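Enquirer: This one is coords26.cif, mmCIF, C-alpha atoms.
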```cif
data_structure
loop_
_atom_site.label_atom_id
_atom_site.label_comp_id
_atom_site.auth_asym_id
_atom_site.auth_seq_id
_atom_site.Cartn_x
_atom_site.Cartn_y
_atom_site.Cartn_z
CA MET A 357 -13.38 -9.34 -0.71
CA PRO A 358 -12.59 -11.24 -3.90
CA ILE A 359 -14.95 -14.07 -2.88
CA THR A 360 -18.01 -11.95 -3.51
CA LYS A 361 -16.60 -10.95 -6.88
CA SER A 362 -16.79 -14.45 -8.29
CA PRO A 363 -20.18 -16.03 -7.70
CA TRP A 364 -20.61 -19.18 -9.79
CA ILE A 365 -24.24 -20.09 -10.06
CA MET A 366 -25.93 -23.39 -10.74
CA HIS A 367 -29.52 -23.17 -11.87
CA TYR A 368 -31.89 -26.07 -11.22
CA ASP A 369 -35.41 -26.09 -12.61
CA GLY A 370 -37.68 -27.90 -10.13
CA SER A 371 -41.10 -28.10 -11.72
CA SER A 372 -41.33 -24.61 -13.09
CA CYS A 373 -43.50 -23.43 -16.00
CA ASN A 374 -40.21 -22.16 -17.53
CA GLY A 375 -41.23 -18.54 -16.98
CA CYS A 376 -38.59 -18.00 -14.28
CA ASP A 377 -36.05 -20.13 -16.19
CA ILE A 378 -36.26 -17.79 -19.16
CA GLU A 379 -35.80 -14.80 -16.85
CA VAL A 380 -32.74 -16.44 -15.27
CA LEU A 381 -31.24 -16.95 -18.72
CA ALA A 382 -32.19 -13.37 -19.64
CA CYS A 383 -29.77 -12.22 -16.92
CA LEU A 384 -26.91 -13.64 -19.02
CA THR A 385 -27.92 -11.80 -22.20
CA PRO A 386 -26.31 -8.52 -23.38
CA LEU A 387 -29.14 -6.46 -21.82
CA TYR A 388 -28.39 -7.53 -18.21
CA ASP A 389 -24.98 -9.25 -18.64
CA VAL A 390 -24.40 -10.55 -15.11
CA GLU A 391 -20.90 -11.66 -16.15
CA ARG A 392 -20.02 -8.01 -15.37
CA PHE A 393 -20.10 -9.09 -11.71
CA GLY A 394 -18.12 -12.27 -12.37
CA VAL A 395 -21.19 -14.49 -12.42
CA ILE A 396 -20.81 -17.75 -14.33
CA ASN A 397 -23.62 -20.20 -15.04
CA THR A 398 -21.79 -23.45 -14.30
CA GLY A 399 -24.25 -26.35 -14.41
CA ASN A 400 -21.92 -28.30 -12.10
CA PRO A 401 -22.62 -28.48 -8.34
CA ARG A 402 -18.94 -29.03 -7.47
CA HIS A 403 -18.01 -25.70 -9.07
CA ALA A 404 -21.01 -23.72 -7.87
CA ASP A 405 -21.22 -21.28 -4.95
CA ILE A 406 -24.88 -20.42 -5.37
CA LEU A 407 -27.75 -22.81 -6.02
CA LEU A 408 -30.59 -21.07 -7.81
CA ILE A 409 -33.87 -22.97 -7.78
CA THR A 410 -36.93 -22.19 -9.85
CA GLY A 411 -40.26 -24.01 -9.65
CA SER A 412 -41.89 -25.91 -6.81
CA ILE A 413 -40.52 -29.01 -5.11
CA ASN A 414 -42.38 -32.23 -5.77
CA THR A 415 -41.88 -35.81 -4.60
CA GLN A 416 -39.81 -36.63 -7.67
CA ASN A 417 -37.31 -33.76 -7.61
CA ALA A 418 -36.88 -33.48 -3.82
CA PRO A 419 -34.04 -36.07 -3.66
CA VAL A 420 -32.39 -34.47 -6.72
CA VAL A 421 -32.36 -31.02 -5.09
CA LYS A 422 -30.99 -32.48 -1.87
CA ASN A 423 -28.28 -34.35 -3.77
CA LEU A 424 -27.22 -31.23 -5.69
CA TYR A 425 -27.05 -29.26 -2.44
CA ASP A 426 -24.93 -31.95 -0.79
CA GLN A 427 -22.46 -32.01 -3.70
CA MET A 428 -21.70 -28.30 -3.39
CA ALA A 429 -18.61 -27.28 -1.41
CA GLU A 430 -18.95 -25.05 1.65
CA PRO A 431 -19.65 -22.16 1.87
CA LYS A 432 -22.80 -22.23 -0.27
CA VAL A 433 -25.93 -20.15 -0.69
CA VAL A 434 -29.40 -21.17 -1.88
CA ILE A 435 -31.68 -18.72 -3.67
CA ALA A 436 -35.32 -19.59 -4.39
CA VAL A 437 -36.44 -17.69 -7.49
CA GLY A 438 -40.12 -17.12 -8.24
CA ILE A 439 -43.20 -17.68 -6.11
CA CYS A 440 -43.32 -21.44 -6.87
CA ALA A 441 -39.78 -21.97 -5.52
CA THR A 442 -40.55 -19.89 -2.41
CA SER A 443 -43.87 -21.50 -1.42
CA GLY A 444 -45.18 -23.79 -4.15
CA GLY A 445 -47.23 -20.95 -5.67
CA VAL A 446 -50.41 -21.91 -7.49
CA PHE A 447 -49.26 -25.53 -7.48
CA ALA A 448 -49.01 -25.71 -3.66
CA ASP A 449 -52.22 -27.76 -3.34
CA CYS A 450 -51.31 -30.35 -5.98
CA TYR A 451 -51.17 -33.92 -4.64
CA ASN A 452 -47.51 -34.37 -5.63
CA VAL A 453 -46.18 -30.93 -4.67
CA LEU A 454 -44.37 -30.66 -1.33
CA GLY A 455 -44.13 -26.86 -1.45
CA GLY A 456 -41.22 -24.40 -1.68
CA THR A 457 -37.50 -25.17 -1.82
CA ASP A 458 -37.21 -24.83 1.99
CA LYS A 459 -39.09 -28.12 2.39
CA VAL A 460 -35.88 -30.00 1.49
CA ILE A 461 -32.89 -27.65 1.89
CA PRO A 462 -32.22 -24.43 3.84
CA VAL A 463 -32.94 -21.34 1.71
CA ASP A 464 -31.01 -18.08 2.25
CA VAL A 465 -32.76 -15.68 -0.13
CA TYR A 466 -36.34 -15.64 -1.44
CA VAL A 467 -37.01 -13.82 -4.73
CA PRO A 468 -40.76 -13.29 -5.27
CA GLY A 469 -42.50 -12.78 -8.61
CA CYS A 470 -44.40 -14.69 -11.26
CA ALA A 471 -42.27 -14.73 -13.24
CA ALA A 472 -39.45 -13.10 -11.24
CA ARG A 473 -38.01 -10.13 -13.18
CA PRO A 474 -34.30 -10.27 -14.13
CA GLU A 475 -33.74 -7.15 -11.98
CA ALA A 476 -35.25 -8.98 -9.00
CA ILE A 477 -33.11 -12.05 -9.67
CA ILE A 478 -29.93 -9.93 -9.82
CA ASP A 479 -31.00 -8.21 -6.57
CA GLY A 480 -31.49 -11.66 -5.03
CA VAL A 481 -28.01 -12.77 -6.10
CA VAL A 482 -26.50 -9.59 -4.59
CA LYS A 483 -28.33 -10.34 -1.31
CA GLY A 484 -27.09 -13.91 -1.59
CA LEU A 485 -23.53 -12.64 -1.88
CA ALA A 486 -23.88 -10.80 1.43
CA VAL A 487 -24.98 -14.08 3.03
CA TYR A 488 -22.06 -15.82 1.31
CA ALA A 489 -19.56 -13.32 2.76
CA GLU A 490 -21.10 -13.82 6.22
CA LYS A 491 -20.83 -17.61 5.95
CA THR A 492 -17.20 -17.35 4.81
CA ALA A 493 -16.34 -15.11 7.76
CA LYS A 494 -18.00 -17.59 10.13
CA ALA A 495 -16.10 -20.52 8.57
CA GLU A 496 -12.82 -18.59 9.01
CA VAL A 497 -13.54 -17.90 12.68
CA LYS A 498 -14.36 -21.58 13.18
CA ALA A 499 -11.11 -22.64 11.47
CA LYS A 500 -9.08 -20.39 13.80
CA MET B 731 20.60 -12.59 -18.78
CA GLY B 732 21.24 -16.27 -18.19
CA THR B 733 18.83 -18.83 -19.56
CA LEU B 734 18.20 -20.15 -16.05
CA THR B 735 17.08 -16.67 -14.97
CA LEU B 736 14.67 -16.60 -17.92
CA ALA B 737 13.24 -19.95 -16.86
CA LEU B 738 12.82 -18.61 -13.32
CA LEU B 739 11.15 -15.48 -14.71
CA TYR B 740 8.73 -17.74 -16.58
CA VAL B 741 7.86 -19.64 -13.39
CA ILE B 742 7.11 -16.36 -11.58
CA LEU B 743 5.58 -14.25 -14.35
CA ALA B 744 3.66 -16.81 -16.45
CA PRO B 745 0.69 -17.08 -14.03
CA VAL B 746 0.44 -13.28 -13.84
CA LEU B 747 0.59 -12.82 -17.62
CA GLY B 748 -1.59 -15.89 -18.23
CA GLY B 749 -4.23 -14.61 -15.79
CA LEU B 750 -4.23 -11.16 -17.38
CA LEU B 751 -4.50 -12.76 -20.81
CA ALA B 752 -7.47 -14.84 -19.61
CA GLY B 753 -9.11 -11.66 -18.25
CA LEU B 754 -8.54 -9.85 -21.54
CA ASP B 755 -9.88 -12.90 -23.37
CA ARG B 756 -13.12 -12.80 -21.39
CA ILE B 757 -13.57 -9.07 -22.02
CA ILE B 758 -12.90 -9.41 -25.77
CA SER B 759 -15.22 -12.44 -26.01
CA ALA B 760 -17.96 -10.50 -24.19
CA ARG B 761 -17.52 -7.47 -26.49
CA MET B 762 -17.80 -9.76 -29.52
CA GLN B 763 -21.14 -10.96 -28.11
CA GLY B 764 -22.38 -7.40 -27.47
CA ARG B 765 -21.77 -7.60 -23.70
CA VAL B 766 -19.57 -5.59 -21.35
CA GLY B 767 -17.86 -8.56 -19.75
CA PRO B 768 -16.16 -9.06 -16.37
CA PRO B 769 -13.31 -6.95 -14.92
CA LEU B 770 -9.76 -7.59 -16.19
CA PHE B 771 -8.75 -9.26 -12.92
CA GLN B 772 -11.74 -11.64 -12.88
CA PRO B 773 -9.61 -14.81 -13.39
CA PHE B 774 -7.58 -13.90 -10.27
CA TYR B 775 -10.79 -13.35 -8.26
CA ASP B 776 -12.03 -16.75 -9.46
CA VAL B 777 -8.85 -18.59 -8.51
CA SER B 778 -8.53 -16.91 -5.10
CA LYS B 779 -12.15 -17.83 -4.40
CA LEU B 780 -11.53 -21.45 -5.44
CA PHE B 781 -8.61 -21.64 -2.99
CA SER B 782 -10.89 -20.44 -0.19
CA LYS B 783 -13.56 -23.07 -0.85
CA GLY B 784 -13.97 -26.18 1.26
CA ARG B 785 -12.51 -29.49 0.13
CA VAL B 786 -14.59 -31.59 -2.26
CA GLU B 787 -12.08 -34.22 -3.36
CA ILE B 788 -13.92 -37.44 -4.03
CA ASN B 789 -10.90 -39.71 -3.51
CA LYS B 790 -7.32 -39.58 -2.23
CA LEU B 791 -5.71 -39.94 -5.67
CA GLN B 792 -7.20 -36.94 -7.41
CA ALA B 793 -5.42 -34.09 -5.60
CA PRO B 794 -1.87 -35.51 -5.99
CA LEU B 795 -2.49 -36.26 -9.67
CA ILE B 796 -3.68 -32.71 -10.31
CA PHE B 797 -0.63 -31.41 -8.43
CA CYS B 798 1.61 -33.53 -10.69
CA HIS B 799 -0.21 -32.09 -13.70
CA LEU B 800 0.61 -28.56 -12.55
CA VAL B 801 4.24 -29.40 -11.72
CA PHE B 802 4.83 -31.03 -15.10
CA MET B 803 3.23 -28.07 -16.86
CA ILE B 804 5.54 -25.63 -15.05
CA PHE B 805 8.47 -27.95 -15.83
CA THR B 806 7.50 -27.98 -19.54
CA GLY B 807 7.42 -24.20 -19.82
CA ALA B 808 10.52 -23.66 -17.66
CA LEU B 809 12.50 -26.13 -19.78
CA PHE B 810 11.30 -24.38 -22.93
CA PHE B 811 12.40 -20.93 -21.78
CA GLN B 812 15.62 -22.35 -20.33
CA GLY B 813 16.45 -23.45 -23.88
CA GLY B 814 16.13 -27.20 -23.36
CA ASP B 815 15.51 -29.75 -26.07
CA ILE B 816 12.06 -29.08 -27.57
CA LEU B 817 11.58 -32.82 -28.19
CA LEU B 818 11.81 -33.48 -24.45
CA ILE B 819 9.51 -30.52 -23.81
CA ILE B 820 6.75 -31.94 -26.01
CA PHE B 821 6.95 -35.23 -24.10
CA ALA B 822 6.79 -33.39 -20.77
CA LEU B 823 3.68 -31.58 -22.05
CA ALA B 824 2.10 -34.93 -22.94
CA ALA B 825 3.03 -36.33 -19.49
CA SER B 826 1.31 -33.36 -17.87
CA SER B 827 -1.86 -34.05 -19.88
CA ILE B 828 -1.73 -37.72 -18.90
CA PHE B 829 -1.78 -36.81 -15.18
CA PHE B 830 -4.83 -34.64 -15.81
CA ILE B 831 -6.55 -37.49 -17.68
CA LEU B 832 -5.72 -39.98 -14.90
CA ALA B 833 -7.21 -37.62 -12.31
CA ALA B 834 -10.47 -37.56 -14.29
CA PHE B 835 -10.49 -41.34 -14.71
CA THR B 836 -10.25 -41.87 -10.93
CA ALA B 837 -13.61 -40.09 -10.55
CA GLY B 838 -16.90 -41.91 -10.86
CA SER B 839 -18.84 -39.42 -12.94
CA PRO B 840 -19.63 -40.40 -16.54
CA TYR B 841 -19.11 -36.75 -17.54
CA SER B 842 -15.62 -36.96 -16.10
CA PHE B 843 -14.98 -40.15 -18.09
CA VAL B 844 -16.21 -38.69 -21.39
CA GLY B 845 -14.16 -35.56 -20.66
CA ALA B 846 -11.03 -37.65 -20.06
CA GLU B 847 -11.62 -39.54 -23.31
CA ARG B 848 -11.94 -36.27 -25.20
CA GLU B 849 -8.74 -35.00 -23.60
CA LEU B 850 -7.10 -38.10 -25.10
CA VAL B 851 -8.63 -37.09 -28.44
CA ILE B 852 -6.93 -33.68 -28.15
CA LEU B 853 -3.63 -35.43 -27.48
CA LEU B 854 -4.26 -37.61 -30.53
CA ALA B 855 -4.96 -34.53 -32.66
CA ALA B 856 -2.23 -32.26 -31.29
CA GLU B 857 0.79 -34.56 -30.93
CA PRO B 858 1.28 -35.24 -34.69
CA VAL B 859 1.17 -31.48 -35.32
CA PHE B 860 3.80 -30.76 -32.67
CA LEU B 861 6.05 -33.55 -33.93
CA ILE B 862 5.82 -32.48 -37.59
CA VAL B 863 6.42 -28.83 -36.62
CA LEU B 864 9.50 -29.94 -34.68
CA ALA B 865 10.75 -31.86 -37.73
CA GLY B 866 10.30 -28.69 -39.79
CA VAL B 867 12.07 -26.50 -37.21
CA PHE B 868 14.99 -28.94 -37.13
CA LYS B 869 15.18 -29.04 -40.95
CA VAL B 870 15.42 -25.25 -41.11
CA ALA B 871 17.42 -24.36 -37.99
CA GLY B 872 19.32 -27.61 -37.44
CA THR B 873 18.67 -27.58 -33.68
CA PHE B 874 15.96 -28.31 -31.10
CA GLY B 875 16.96 -25.61 -28.56
CA PHE B 876 14.75 -22.50 -28.17
CA TYR B 877 17.65 -20.02 -28.02
CA ASP B 878 19.71 -21.93 -30.61
CA VAL B 879 16.81 -21.56 -33.07
CA ILE B 880 16.58 -17.82 -32.30
CA ARG B 881 20.35 -17.43 -32.68
CA THR B 882 20.26 -18.79 -36.24
CA GLY B 883 18.28 -15.61 -37.07
CA LYS B 884 16.27 -17.43 -39.72
CA PRO B 885 12.67 -16.29 -40.22
CA LEU B 886 11.01 -19.65 -39.55
CA ILE B 887 7.64 -18.36 -40.73
CA ALA B 888 9.04 -17.84 -44.25
CA PHE B 889 10.19 -21.46 -44.41
CA LEU B 890 7.33 -23.06 -42.49
CA PRO B 891 4.05 -21.27 -43.34
CA GLY B 892 2.15 -24.56 -43.73
CA MET B 893 3.38 -25.81 -40.36
CA PHE B 894 2.45 -22.52 -38.71
CA PHE B 895 -1.07 -22.92 -40.07
CA CYS B 896 -1.23 -26.44 -38.57
CA LEU B 897 -0.06 -25.04 -35.23
CA LEU B 898 -2.70 -22.28 -35.35
CA TYR B 899 -5.36 -24.89 -36.04
CA VAL B 900 -4.39 -27.12 -33.14
CA LEU B 901 -3.91 -24.17 -30.76
CA THR B 902 -7.67 -23.58 -30.93
CA MET B 903 -8.05 -26.81 -28.99
CA LYS B 904 -4.98 -26.32 -26.80
CA PHE B 905 -6.22 -22.89 -25.68
CA ARG B 906 -9.49 -24.67 -24.73
CA LYS B 907 -11.42 -22.55 -27.21
CA SER B 908 -13.23 -24.50 -29.91
CA PRO B 909 -14.98 -26.97 -30.46
CA PHE B 910 -17.62 -26.30 -27.84
CA ASP B 911 -17.84 -29.96 -26.73
CA LEU B 912 -14.14 -30.23 -25.86
CA SER B 913 -12.96 -32.03 -22.74
CA TYR B 914 -12.70 -28.74 -20.86
CA SER B 915 -13.85 -25.86 -22.96
CA HIS B 916 -14.33 -22.42 -21.43
CA HIS B 917 -17.97 -22.62 -22.42
CA ALA B 918 -18.87 -26.30 -22.04
CA HIS B 919 -21.52 -25.54 -19.46
CA GLN B 920 -24.23 -27.51 -21.21
CA GLU B 921 -22.69 -30.16 -23.45
CA LEU B 922 -20.47 -32.01 -20.97
CA VAL B 923 -21.24 -29.98 -17.84
CA LYS B 924 -17.55 -29.19 -17.33
CA GLY B 925 -16.14 -32.33 -18.89
CA ILE B 926 -12.85 -33.51 -17.46
CA THR B 927 -13.16 -31.20 -14.41
CA THR B 928 -16.70 -32.29 -13.46
CA ASP B 929 -15.58 -33.97 -10.25
CA LEU B 930 -12.96 -31.39 -9.37
CA GLY B 931 -13.59 -28.39 -7.20
CA GLY B 932 -11.96 -25.88 -4.89
CA ARG B 933 -8.16 -26.13 -4.78
CA SER B 934 -7.88 -28.77 -7.51
CA LEU B 935 -9.85 -26.63 -9.95
CA ALA B 936 -7.73 -23.59 -9.03
CA MET B 937 -4.59 -25.61 -9.82
CA ILE B 938 -6.07 -26.62 -13.20
CA GLU B 939 -6.75 -22.96 -13.94
CA ILE B 940 -3.20 -21.89 -13.02
CA SER B 941 -1.74 -24.74 -15.06
CA HIS B 942 -3.86 -23.56 -18.00
CA TRP B 943 -2.26 -20.09 -17.69
CA TYR B 944 1.22 -21.63 -17.66
CA GLU B 945 0.32 -23.70 -20.73
CA ASN B 946 -1.01 -20.68 -22.64
CA ILE B 947 2.17 -18.68 -22.10
CA PHE B 948 4.30 -21.67 -23.10
CA LEU B 949 2.26 -22.15 -26.30
CA LEU B 950 2.53 -18.45 -27.14
CA GLY B 951 6.30 -18.88 -26.71
CA PHE B 952 6.07 -21.57 -29.37
CA VAL B 953 4.29 -19.11 -31.69
CA TYR B 954 7.00 -16.52 -30.91
CA LEU B 955 9.63 -18.98 -32.17
CA PHE B 956 8.32 -18.57 -35.72
CA PHE B 957 8.84 -14.79 -35.64
CA ALA B 958 11.88 -14.75 -33.33
CA PHE B 959 14.07 -12.91 -35.88
CA ASN B 960 12.27 -9.73 -34.77
CA PRO B 961 11.27 -9.73 -31.05
CA VAL B 962 8.65 -6.97 -31.41
CA LEU B 963 7.04 -8.76 -34.34
CA GLY B 964 7.26 -12.01 -32.38
CA ILE B 965 5.33 -10.67 -29.39
CA ALA B 966 2.81 -8.95 -31.67
CA ALA B 967 2.32 -12.18 -33.63
CA ALA B 968 1.82 -14.18 -30.42
CA LEU B 969 -0.84 -11.74 -29.16
CA PHE B 970 -2.52 -11.59 -32.58
CA THR B 971 -2.61 -15.41 -32.63
CA TYR B 972 -4.48 -15.38 -29.33
CA PHE B 973 -6.93 -12.84 -30.75
CA LEU B 974 -7.45 -15.05 -33.83
CA GLU B 975 -8.27 -17.99 -31.55
CA ILE B 976 -10.86 -15.92 -29.68
CA LEU B 977 -12.36 -14.92 -33.04
CA ALA B 978 -12.40 -18.56 -34.22
CA ASP B 979 -14.12 -19.56 -30.97
CA ASN B 980 -16.83 -16.91 -31.25
CA THR B 981 -17.53 -17.50 -34.94
CA ASN B 982 -17.61 -21.32 -34.85
CA ALA B 983 -19.85 -21.93 -31.86
CA ARG B 984 -21.18 -25.28 -33.12
CA ALA B 985 -17.92 -26.99 -34.17
CA LYS B 986 -17.74 -30.52 -32.71
CA TRP B 987 -14.83 -32.71 -31.63
CA GLN B 988 -15.28 -35.34 -34.39
CA PHE B 989 -14.85 -32.62 -37.01
CA SER B 990 -11.86 -31.20 -35.15
CA LEU B 991 -10.05 -34.54 -34.92
CA VAL B 992 -10.50 -35.49 -38.59
CA SER B 993 -9.83 -31.99 -39.93
CA THR B 994 -6.69 -31.64 -37.77
CA TRP B 995 -5.23 -34.82 -39.20
CA LEU B 996 -6.15 -33.78 -42.73
CA ILE B 997 -4.62 -30.34 -42.30
CA THR B 998 -1.50 -31.82 -40.69
CA LEU B 999 -1.10 -34.18 -43.63
CA VAL B 1000 -1.74 -31.62 -46.36
CA PHE B 1001 -0.15 -28.44 -44.97
CA GLY B 1002 2.42 -29.92 -42.58
CA GLY B 1003 3.41 -32.78 -44.87
CA GLY B 1004 3.33 -30.49 -47.92
CA ASN B 1005 5.58 -28.00 -46.16
CA LEU B 1006 8.04 -30.77 -45.28
CA ILE B 1007 8.11 -31.96 -48.91
CA ALA B 1008 8.62 -28.37 -50.09
CA LEU B 1009 11.61 -28.05 -47.72
CA TYR B 1010 13.04 -31.22 -49.25
CA PHE B 1011 12.75 -29.77 -52.76
CA MET B 1012 14.33 -26.51 -51.55
CA GLY B 1013 17.33 -28.64 -50.63
CA MET B 1014 17.14 -28.20 -46.84
#
```
Kindly return the structure encoded in the file as structure tokens.
Expert:
Amino acid sequence: MPITKSPWIMHYDGSSCNGCDIEVLACLTPLYDVERFGVINTGNPRHADILLITGSINTQNAPVVKNLYDQMAEPKVVIAVGICATSGGVFADCYNVLGGTDKVIPVDVYVPGCAARPEAIIDGVVKGLAVYAEKTAKAEVKAK
Amino acid sequence: MGTLTLALLYVILAPVLGGLLAGLDRIISARMQGRVGPPLFQPFYDVSKLFSKGRVEINKLQAPLIFCHLVFMIFTGALFFQGGDILLIIFALAASSIFFILAAFTAGSPYSFVGAERELVILLAAEPVFLIVLAGVFKVAGTFGFYDVIRTGKPLIAFLPGMFFCLLYVLTMKFRKSPFDLSYSHHAHQELVKGITTDLGGRSLAMIEISHWYENIFLLGFVYLFFAFNPVLGIAAALFTYFLEILADNTNARAKWQFSLVSTWLITLVFGGGNLIALYFMGM
């Protein structure tokens, strides 16, 4: 399946402490080099297949995350990276924090960790690709 | 082999060769950065994925304009390898770019707008170079036809070294390599998001990618023209040129478009103009 060989990722930093962001960028460095698997960090929702969110969702970034998700073409996968993106983490009780990414958009893969290790993030993306292939197959059946 | 057959061969083979070249480019770039890089066929995986994506066109104009861009690009290259008038070919190339720019201007995104404006800047920088190179080619060979120039058997590179340097300089932009804040650079993930293609996705983006492969092969054909007296040397020179552009891209990561525009004009004037004057003194 060539589709799973070309995952273009868009990374959005919700309200993270930048710990997970640095680990996401570390995946692109020579040590991990995710481009080996065809991964591209696009920064453009219209080109992206996978939305990677770090940090918790608060009242200010909730509409932004929703907007980014809506701009992506089907099929698409959402991966929440780090404990803040999965549940709000230590910031969950803050007055402005809504919680994890799943408060605004459907999440397909949760990657735990504080900060999430690059190995865990790559594992998450691989899991995400399986979901992506499943969604593509479903879309094809629907089209027929 | 008839020239029409060669044009047909270009239409069929250029996307294959262009895609392989793009794959090789990504591997070489990655190795230069101390990485392993993607598989050789990665560009084909990317394009086939883009074709399978859902539609994201933001208006009804964009898709036909992008299609026109692709058609004119194929037409440009096919005409070149058919042996048509190179003057007409350069205008067809410009027309193809204009369709691309129009498609970006129909979108609402400011990134798309800035990208389209910078694509116009590339046109502004590249067109004088192409025209002056054509003038030089005509001075030396006395014809504008691809095969007619080859048939003269003259080593163009010996007569036009300054012009070849100008062409090399402008090819950096035409191959979408450097500067990093180009309208649609391979690496413009941060500066302009994806510039001129910001509001394109799925099929439209795949067509842009294929058109880029066609353009690359056509431009390498232009490089070949300078070394056409020896076909093996010609092909080697074309491939080496592409390698040089990758090297220039990886060693000048912070070059900006303002610098590119001004320096291109300066180089065109000094090297291109100087070469033309030298030809005049040589009595050509």
Enquirer: Padding of 3 Å on every side, edges along x, y and z, all listed atoms of segment 409-424 of chain A included: what centre and edge lengths in Å, to one decimal, does that box have, as JSON?
Expert:
```
{"center_x": -34.8, "center_y": -29.4, "center_z": -5.9, "size_x": 21.2, "size_y": 20.4, "size_z": 14.0}
```
Enquirer: Name the residues that the PyMOL selection byres ((chain B) within 6 of (chain A)) picks from the file above, as number ranges by chain, using the file's chain letters and numbers.
Expert: B: 764-765, 767-768, 775-776, 779, 784, 786, 919, 923, 931
Enquirer: Once the PyMOL selection byres ((chain B and resi 739-753) around 9) has been evaluated on this model, what residues remain selected, and can you format them as a PyMOL selection string?
Expert: chain B and resi 734-738+754-758+768-774+804-805+807-808+811+939-948+972
Enquirer: Go ahead and compute the interatomic distance for atom CA of Ala846 of chain B and atom CA of Leu381 of chain A, in Å to one decimal.
Expert: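 Between these atoms lies a distance of 29.0 Å.
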Enquirer: Write out as a VMD selection string each polymer residue whose atoms come within 8 Å of Glu849 of chain B, counting all atoms listed in the file; drop sequence neighbours fewer than 5 positions from it.
Expert: chain B and resid 827 831 912 to 914 926
Enquirer: Could you state which residues are captured by the PyMOL selection byres ((chain A and resi 455-463) around 12) in this file, as an NGL selection string?
Expert: :A and (368-372 or 406-426 or 432-454 or 464-468 or 480 or 484 or 487)
Enquirer: Excluding same-chain residues fewer than 6 positions from Lys907 of chain B, what lies within 12 Å of it counting only C-alpha atoms, as a count of residues only?
Expert: 33
Enquirer: Show me, as a list in words, the residues that have an atom within 12 Å of Met1014 of chain B when counting only C-alpha atoms, minus same-chain residues fewer than 6 positions from it.
Expert: Ala865, Gly866, Val867, Phe868, Lys869, Val870, Ala871, Gly872, Phe889, Leu890, Asn1005, Leu1006, Ile1007 and Ala1008 of chain B
Enquirer: Mind pulling up the distance from atom CA of Met803 of chain B to atom CA of Asn789 of chain B?
Expert: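 Separation between atom CA of Asn789 of chain B and atom CA of Met803 of chain B: 22.7 Å.
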Enquirer: Near segment 953-961 of chain B, counting only C-alpha atoms, which residues have an atom at most 6 Å away, once you skip same-chain residues fewer than 5 positions from it, shown as a count of residues only?
Expert: 6
Enquirer: Please report the interatomic distance between atom CA of Lys491 of chain A and atom CA of Leu935 of chain B in Å with one decimal.
Expert: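 Distance between the two atoms: 21.3 Å.
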Enquirer: Skip Asp929 of chain B itself and residues of its chain fewer than 3 positions away, then list as a PDB file with C-alpha atoms, in the frame of the given file all residues within 8 Å of it, counting all atoms listed in the file.
Expert:
```
ATOM      1  CA  ARG A 402     -18.940 -29.030  -7.470  1.00  0.00           C
TER       2      ARG A 402
ATOM      3  CA  GLU B 787     -12.080 -34.220  -3.360  1.00  0.00           C
ATOM      4  CA  ILE B 788     -13.920 -37.440  -4.030  1.00  0.00           C
ATOM      5  CA  ALA B 834     -10.470 -37.560 -14.290  1.00  0.00           C
ATOM      6  CA  ALA B 837     -13.610 -40.090 -10.550  1.00  0.00           C
ATOM      7  CA  SER B 839     -18.840 -39.420 -12.940  1.00  0.00           C
ATOM      8  CA  SER B 842     -15.620 -36.960 -16.100  1.00  0.00           C
ATOM      9  CA  ILE B 926     -12.850 -33.510 -17.460  1.00  0.00           C
TER      10      ILE B 926
END
```
Enquirer: Could you tell me which of A:Cys373, A:Val380, A:Ala489, A:Met366 comes closest to Ala472 of chain A if we count only C-alpha atoms?
Expert: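 Using only C-alpha atoms, the shortest distance to Ala472 of chain A belongs to A:Val380.
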